[in-house]
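Shown next: start.cif, given as mmCIF, C-alpha atoms, pLDDT in the B column; chains and numbers go by the auth columns.
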data_work
loop_
_atom_site.group_PDB
_atom_site.id
_atom_site.type_symbol
_atom_site.label_atom_id
_atom_site.label_comp_id
_atom_site.label_asym_id
_atom_site.label_seq_id
_atom_site.Cartn_x
_atom_site.Cartn_y
_atom_site.Cartn_z
_atom_site.B_iso_or_equiv
_atom_site.auth_seq_id
_atom_site.auth_asym_id
ATOM 1 C CA MET A 1 34.553 10.736 -6.704 50.00 9 A
ATOM 2 C CA LYS A 2 32.864 7.623 -5.325 53.00 10 A
ATOM 3 C CA TYR A 3 32.669 9.278 -1.901 50.00 11 A
ATOM 4 C CA TYR A 4 30.578 12.065 -3.386 46.00 12 A
ATOM 5 C CA ILE A 5 28.289 9.573 -5.123 46.00 13 A
ATOM 6 C CA LEU A 6 27.770 7.837 -1.792 44.00 14 A
ATOM 7 C CA LEU A 7 27.127 11.174 -0.086 43.00 15 A
ATOM 8 C CA LEU A 8 24.554 12.082 -2.724 41.00 16 A
ATOM 9 C CA LEU A 9 22.983 8.647 -2.365 46.00 17 A
ATOM 10 C CA ILE A 10 22.648 9.062 1.385 51.00 18 A
ATOM 11 C CA LEU A 11 21.304 12.593 1.150 49.00 19 A
ATOM 12 C CA SER A 12 18.885 11.728 -1.596 54.00 20 A
ATOM 13 C CA SER A 13 17.612 8.849 0.431 53.00 21 A
ATOM 14 C CA LEU A 14 16.681 11.371 3.078 51.00 22 A
ATOM 15 C CA SER A 15 14.106 12.494 0.595 48.00 23 A
ATOM 16 C CA VAL A 16 11.847 9.580 1.388 46.00 24 A
ATOM 17 C CA ARG A 17 8.390 10.452 2.521 39.00 25 A
ATOM 18 C CA ALA A 18 6.033 8.801 4.897 39.00 26 A
ATOM 19 C CA ASN A 19 2.349 8.140 4.428 36.00 27 A
ATOM 20 C CA GLY A 20 0.029 6.733 7.047 38.00 28 A
ATOM 21 C CA THR A 21 -3.522 6.957 8.197 43.00 29 A
ATOM 22 C CA ASN A 22 -3.376 10.669 9.034 43.00 30 A
ATOM 23 C CA ASP A 23 -5.838 12.293 6.619 53.00 31 A
ATOM 24 C CA GLU A 24 -4.515 15.793 7.302 72.00 32 A
ATOM 25 C CA ASN A 25 -0.895 15.047 6.431 80.00 33 A
ATOM 26 C CA PRO A 26 -0.130 12.156 4.072 84.00 34 A
ATOM 27 C CA ILE A 27 3.581 12.322 4.951 81.00 35 A
ATOM 28 C CA ILE A 28 3.101 10.974 8.484 87.00 36 A
ATOM 29 C CA GLY A 29 3.739 7.235 8.785 93.00 37 A
ATOM 30 C CA THR A 30 6.382 4.694 7.746 96.00 38 A
ATOM 31 C CA TRP A 31 7.781 3.979 4.278 94.00 39 A
ATOM 32 C CA LYS A 32 10.176 1.448 2.771 97.00 40 A
ATOM 33 C CA CYS A 33 12.145 3.082 -0.028 95.00 41 A
ATOM 34 C CA TYR A 34 14.731 2.162 -2.618 93.00 42 A
ATOM 35 C CA ASP A 35 16.917 3.912 -5.143 89.00 43 A
ATOM 36 C CA HIS A 36 19.334 2.191 -7.484 81.00 44 A
ATOM 37 C CA GLY A 37 21.542 2.797 -10.464 78.00 45 A
ATOM 38 C CA LEU A 38 24.451 1.230 -12.308 77.00 46 A
ATOM 39 C CA GLU A 39 27.008 1.979 -9.577 83.00 47 A
ATOM 40 C CA ARG A 40 24.874 2.397 -6.451 85.00 48 A
ATOM 41 C CA SER A 41 21.841 1.198 -4.535 90.00 49 A
ATOM 42 C CA MET A 42 19.958 2.236 -1.417 92.00 50 A
ATOM 43 C CA PHE A 43 17.238 0.718 0.740 95.00 51 A
ATOM 44 C CA SER A 44 15.728 2.531 3.701 95.00 52 A
ATOM 45 C CA VAL A 45 12.941 2.555 6.231 97.00 53 A
ATOM 46 C CA ALA A 46 11.768 6.020 7.264 95.00 54 A
ATOM 47 C CA SER A 47 9.268 6.953 9.954 96.00 55 A
ATOM 48 C CA TYR A 48 7.677 10.381 10.207 92.00 56 A
ATOM 49 C CA SER A 49 5.698 11.913 13.052 93.00 57 A
ATOM 50 C CA SER A 50 4.103 15.369 13.049 91.00 58 A
ATOM 51 C CA ASN A 51 7.423 17.200 12.613 90.00 59 A
ATOM 52 C CA THR A 52 10.259 14.706 13.243 95.00 60 A
ATOM 53 C CA PHE A 53 11.689 11.813 11.253 96.00 61 A
ATOM 54 C CA HIS A 54 13.976 8.833 11.809 96.00 62 A
ATOM 55 C CA GLN A 55 15.519 6.873 8.951 96.00 63 A
ATOM 56 C CA LYS A 56 17.761 3.804 8.677 97.00 64 A
ATOM 57 C CA ILE A 57 19.569 3.496 5.327 95.00 65 A
ATOM 58 C CA GLN A 58 21.516 0.610 3.758 95.00 66 A
ATOM 59 C CA SER A 59 23.612 1.851 0.830 93.00 67 A
ATOM 60 C CA SER A 60 26.134 0.335 -1.585 93.00 68 A
ATOM 61 C CA VAL A 61 28.463 1.972 -4.088 90.00 69 A
ATOM 62 C CA MET A 62 30.572 0.121 -6.636 89.00 70 A
ATOM 63 C CA ILE A 63 34.106 1.317 -7.396 85.00 71 A
ATOM 64 C CA VAL A 64 33.940 0.962 -11.171 78.00 72 A
ATOM 65 C CA SER A 65 37.678 0.715 -11.769 89.00 73 A
ATOM 66 C CA THR A 66 38.039 -2.315 -9.459 89.00 74 A
ATOM 67 C CA GLY A 67 34.525 -3.732 -9.229 88.00 75 A
ATOM 68 C CA GLU A 68 34.711 -3.552 -5.428 90.00 76 A
ATOM 69 C CA VAL A 69 31.584 -2.640 -3.483 93.00 77 A
ATOM 70 C CA LEU A 70 31.446 -0.291 -0.503 94.00 78 A
ATOM 71 C CA THR A 71 28.479 -0.781 1.834 95.00 79 A
ATOM 72 C CA PHE A 72 27.340 1.486 4.643 96.00 80 A
ATOM 73 C CA GLU A 73 24.556 1.731 7.179 96.00 81 A
ATOM 74 C CA THR A 74 23.381 5.222 8.068 94.00 82 A
ATOM 75 C CA THR A 75 20.891 6.395 10.666 95.00 83 A
ATOM 76 C CA VAL A 76 19.585 9.953 10.569 93.00 84 A
ATOM 77 C CA SER A 77 16.927 11.855 12.480 94.00 85 A
ATOM 78 C CA GLY A 78 15.706 15.383 12.824 94.00 86 A
ATOM 79 C CA LYS A 79 12.884 17.661 11.768 94.00 87 A
ATOM 80 C CA TRP A 80 11.098 17.804 8.440 92.00 88 A
ATOM 81 C CA ASN A 81 8.834 20.218 6.599 90.00 89 A
ATOM 82 C CA TYR A 82 6.670 19.684 3.533 85.00 90 A
ATOM 83 C CA ALA A 83 5.477 22.587 1.375 83.00 91 A
ATOM 84 C CA GLU A 84 4.144 22.423 -2.175 84.00 92 A
ATOM 85 C CA ASP A 85 6.258 19.723 -3.833 87.00 93 A
ATOM 86 C CA ARG A 86 9.340 20.108 -1.590 87.00 94 A
ATOM 87 C CA LEU A 87 10.263 17.897 1.347 86.00 95 A
ATOM 88 C CA GLU A 88 13.009 19.391 3.470 89.00 96 A
ATOM 89 C CA HIS A 89 14.885 17.484 6.181 88.00 97 A
ATOM 90 C CA THR A 90 16.916 19.272 8.846 90.00 98 A
ATOM 91 C CA ILE A 91 19.288 16.651 10.176 90.00 99 A
ATOM 92 C CA GLU A 92 19.905 16.874 13.902 90.00 100 A
ATOM 93 C CA ALA A 93 21.573 13.481 14.483 90.00 101 A
ATOM 94 C CA LYS A 94 23.391 11.122 12.135 91.00 102 A
ATOM 95 C CA ASP A 95 25.563 8.074 12.357 92.00 103 A
ATOM 96 C CA ILE A 96 27.241 6.097 9.614 94.00 104 A
ATOM 97 C CA SER A 97 29.112 2.802 9.861 96.00 105 A
ATOM 98 C CA ALA A 98 30.907 0.581 7.384 96.00 106 A
ATOM 99 C CA SER A 99 29.164 -2.705 6.610 94.00 107 A
ATOM 100 C CA ASN A 100 32.187 -4.447 5.095 91.00 108 A
ATOM 101 C CA GLU A 101 35.959 -4.406 5.560 91.00 109 A
ATOM 102 C CA LEU A 102 36.696 -2.479 2.367 91.00 110 A
ATOM 103 C CA SER A 103 34.284 0.288 3.392 95.00 111 A
ATOM 104 C CA GLU A 104 36.260 0.853 6.600 94.00 112 A
ATOM 105 C CA LYS A 105 39.040 2.454 4.504 91.00 113 A
ATOM 106 C CA TYR A 106 36.621 5.101 3.207 90.00 114 A
ATOM 107 C CA LEU A 107 34.529 5.642 6.336 93.00 115 A
ATOM 108 C CA ALA A 108 36.367 8.729 7.642 90.00 116 A
ATOM 109 C CA ILE A 109 36.017 10.501 4.275 87.00 117 A
ATOM 110 C CA VAL A 110 32.329 9.623 3.977 85.00 118 A
ATOM 111 C CA LYS A 111 31.649 10.788 7.554 85.00 119 A
ATOM 112 C CA GLU A 112 33.399 14.080 6.882 82.00 120 A
ATOM 113 C CA ASP A 113 31.357 14.659 3.722 77.00 121 A
ATOM 114 C CA LEU A 114 28.122 13.688 5.467 74.00 122 A
ATOM 115 C CA ASN A 115 28.752 16.205 8.255 66.00 123 A
ATOM 116 C CA ILE A 116 29.013 19.065 5.767 59.00 124 A
ATOM 117 C CA ASN A 117 25.312 18.973 4.902 63.00 125 A
ATOM 118 C CA SER A 118 22.605 19.351 7.518 81.00 126 A
ATOM 119 C CA THR A 119 19.648 20.010 5.205 84.00 127 A
ATOM 120 C CA SER A 120 18.320 17.916 2.351 83.00 128 A
ATOM 121 C CA VAL A 121 15.547 18.849 -0.099 84.00 129 A
ATOM 122 C CA SER A 122 13.777 16.662 -2.654 86.00 130 A
ATOM 123 C CA HIS A 123 10.745 17.061 -4.876 89.00 131 A
ATOM 124 C CA LEU A 124 7.605 14.947 -4.853 88.00 132 A
ATOM 125 C CA HIS A 125 7.012 13.498 -8.309 89.00 133 A
ATOM 126 C CA SER A 126 3.919 11.455 -7.420 86.00 134 A
ATOM 127 C CA LEU A 127 2.013 10.381 -4.313 82.00 135 A
ATOM 128 C CA GLU A 128 -0.618 7.651 -4.269 83.00 136 A
ATOM 129 C CA ASP A 129 -2.294 5.842 -1.379 80.00 137 A
ATOM 130 C CA ARG A 130 0.484 3.252 -1.034 84.00 138 A
ATOM 131 C CA THR A 131 3.317 4.531 -3.263 86.00 139 A
ATOM 132 C CA MET A 132 5.429 7.614 -3.646 86.00 140 A
ATOM 133 C CA LYS A 133 8.039 8.681 -6.175 90.00 141 A
ATOM 134 C CA LEU A 134 10.577 11.398 -5.355 88.00 142 A
ATOM 135 C CA ARG A 135 13.053 13.228 -7.542 84.00 143 A
ATOM 136 C CA ASN A 136 16.348 13.298 -5.701 73.00 144 A
ATOM 137 C CA SER A 137 19.413 15.530 -5.924 67.00 145 A
ATOM 138 C CA ARG A 138 21.039 13.346 -8.622 64.00 146 A
ATOM 139 C CA ALA A 139 18.043 13.876 -10.930 61.00 147 A
ATOM 140 C CA GLY A 140 17.130 10.252 -10.292 80.00 148 A
ATOM 141 C CA PHE A 141 14.135 8.820 -8.465 88.00 149 A
ATOM 142 C CA THR A 142 13.540 7.255 -5.078 91.00 150 A
ATOM 143 C CA TYR A 143 10.567 4.850 -4.918 93.00 151 A
ATOM 144 C CA CYS A 144 8.688 4.385 -1.647 94.00 152 A
ATOM 145 C CA PHE A 145 5.996 1.963 -0.487 94.00 153 A
ATOM 146 C CA LYS A 146 3.822 2.440 2.562 90.00 154 A
ATOM 147 C CA GLN A 147 4.199 -0.205 5.260 91.00 155 A
#
What is this structure when it is put down as structure tokens?
Amino acid sequence: MKYYILLLLILSSLSVRANGTNDENPIIGTWKCYDHGLERSMFSVASYSSNTFHQKIQSSVMIVSTGEVLTFETTVSGKWNYAEDRLEHTIEAKDISASNELSEKYLAIVKEDLNINSTSVSHLHSLEDRTMKLRNSRAGFTYCFKQ
């Protein structure tokens, strides 16, 4: 079950948007984003160009029954498209690594789950000059700040 929470955390973090100085497309640029809950947290830096993105994600998931924490670092890149309130990422390259010894035991399962999905969609809740709020696949929110 925790593997699926981590997978959802990683995929929802792909929902981050970028905002820069491009007046025609507010998505283009670099954002620092975070998402957290009782059993999980995520921090990422995402950079968007005209149609490609690259994102580095630090994520943690707590195993409630033991109190142990799994931590992972994920890098994803690919193409993105924004229409209406939907941001869609098509993942072309991804890599995930364990950040602590305990996480090594779960890495193969997490990698397998991550390879199943190659597209991620999230919904823009709000977009300001320097902040953005996205609704992710867990019905939670990802908060982003323009660098």
Q) How far is it from CA of Lys141 (chain A) to CA of Ser57 (chain A), in Å with one decimal? A)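 One can read the CA of Lys141 (chain A) to CA of Ser57 (chain A) distance as 19.6 Å.
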Q.
Within 9 Å of (8.8, 2.5, 12.9) (file coordinates; all atoms listed in the file), which protein or nucleic acid residues are there? I'd like them as number ranges by chain.
A. A: 37-39, 53-56, 62-63
Q: Kindly provide, as a list in words, the polymer residues lying within 7 Å of (12.0, 15.8, -7.5), counting only C-alpha atoms and using the coordinates exactly as they appear in the file.
A: Ser130, His131, Leu132, His133, Leu142, Arg143 and Asn144 of chain A
Output file for the residues above (C-alpha atoms, as a CSV table (one decimal), in the frame of the given file):
chain,number,residue,atom,x,y,z
A,130,SER,CA,13.8,16.7,-2.7
A,131,HIS,CA,10.7,17.1,-4.9
A,132,LEU,CA,7.6,14.9,-4.9
A,133,HIS,CA,7.0,13.5,-8.3
A,142,LEU,CA,10.6,11.4,-5.4
A,143,ARG,CA,13.1,13.2,-7.5
A,144,ASN,CA,16.3,13.3,-5.7
Q: Output the residue selection produced by the PyMOL selection byres ((chain A and resi 61) around 12) on the file above, formatted as an NGL selection string.
A: :A and (22-26 or 35-39 or 53-60 or 62-64 or 83-89 or 95-102)
Preceding selection exported with C-alpha atoms as a short mmCIF file (atom, residue, chain, number, x, y, z; two decimals), keeping the file's coordinate frame:
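For reference, part-v2.cif as written:
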data_model
loop_
_atom_site.label_atom_id
_atom_site.label_comp_id
_atom_site.auth_asym_id
_atom_site.auth_seq_id
_atom_site.Cartn_x
_atom_site.Cartn_y
_atom_site.Cartn_z
CA LEU A 22 16.68 11.37 3.08
CA SER A 23 14.11 12.49 0.60
CA VAL A 24 11.85 9.58 1.39
CA ARG A 25 8.39 10.45 2.52
CA ALA A 26 6.03 8.80 4.90
CA ILE A 35 3.58 12.32 4.95
CA ILE A 36 3.10 10.97 8.48
CA GLY A 37 3.74 7.24 8.78
CA THR A 38 6.38 4.69 7.75
CA TRP A 39 7.78 3.98 4.28
CA VAL A 53 12.94 2.56 6.23
CA ALA A 54 11.77 6.02 7.26
CA SER A 55 9.27 6.95 9.95
CA TYR A 56 7.68 10.38 10.21
CA SER A 57 5.70 11.91 13.05
CA SER A 58 4.10 15.37 13.05
CA ASN A 59 7.42 17.20 12.61
CA THR A 60 10.26 14.71 13.24
CA HIS A 62 13.98 8.83 11.81
CA GLN A 63 15.52 6.87 8.95
CA LYS A 64 17.76 3.80 8.68
CA THR A 83 20.89 6.40 10.67
CA VAL A 84 19.58 9.95 10.57
CA SER A 85 16.93 11.86 12.48
CA GLY A 86 15.71 15.38 12.82
CA LYS A 87 12.88 17.66 11.77
CA TRP A 88 11.10 17.80 8.44
CA ASN A 89 8.83 20.22 6.60
CA LEU A 95 10.26 17.90 1.35
CA GLU A 96 13.01 19.39 3.47
CA HIS A 97 14.88 17.48 6.18
CA THR A 98 16.92 19.27 8.85
CA ILE A 99 19.29 16.65 10.18
CA GLU A 100 19.90 16.87 13.90
CA ALA A 101 21.57 13.48 14.48
CA LYS A 102 23.39 11.12 12.14
#
Q.
Can you translate the PyMOL selection byres ((chain A and resi 136) around 10) into the concrete residues it hits in this file, as a PyMOL selection string?
A. chain A and resi 27+34+134-135+137-141+153-154
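Residue nearest Ser68 (chain A) within the list A:Thr127, A:Asn33, A:Ser111, A:Thr150: A:Ser111 [criterion: smallest interatomic distance, only C-alpha atoms].
The space between CA of Asp103 (chain A) and CA of Ile65 (chain A) spans 10.3 Å.
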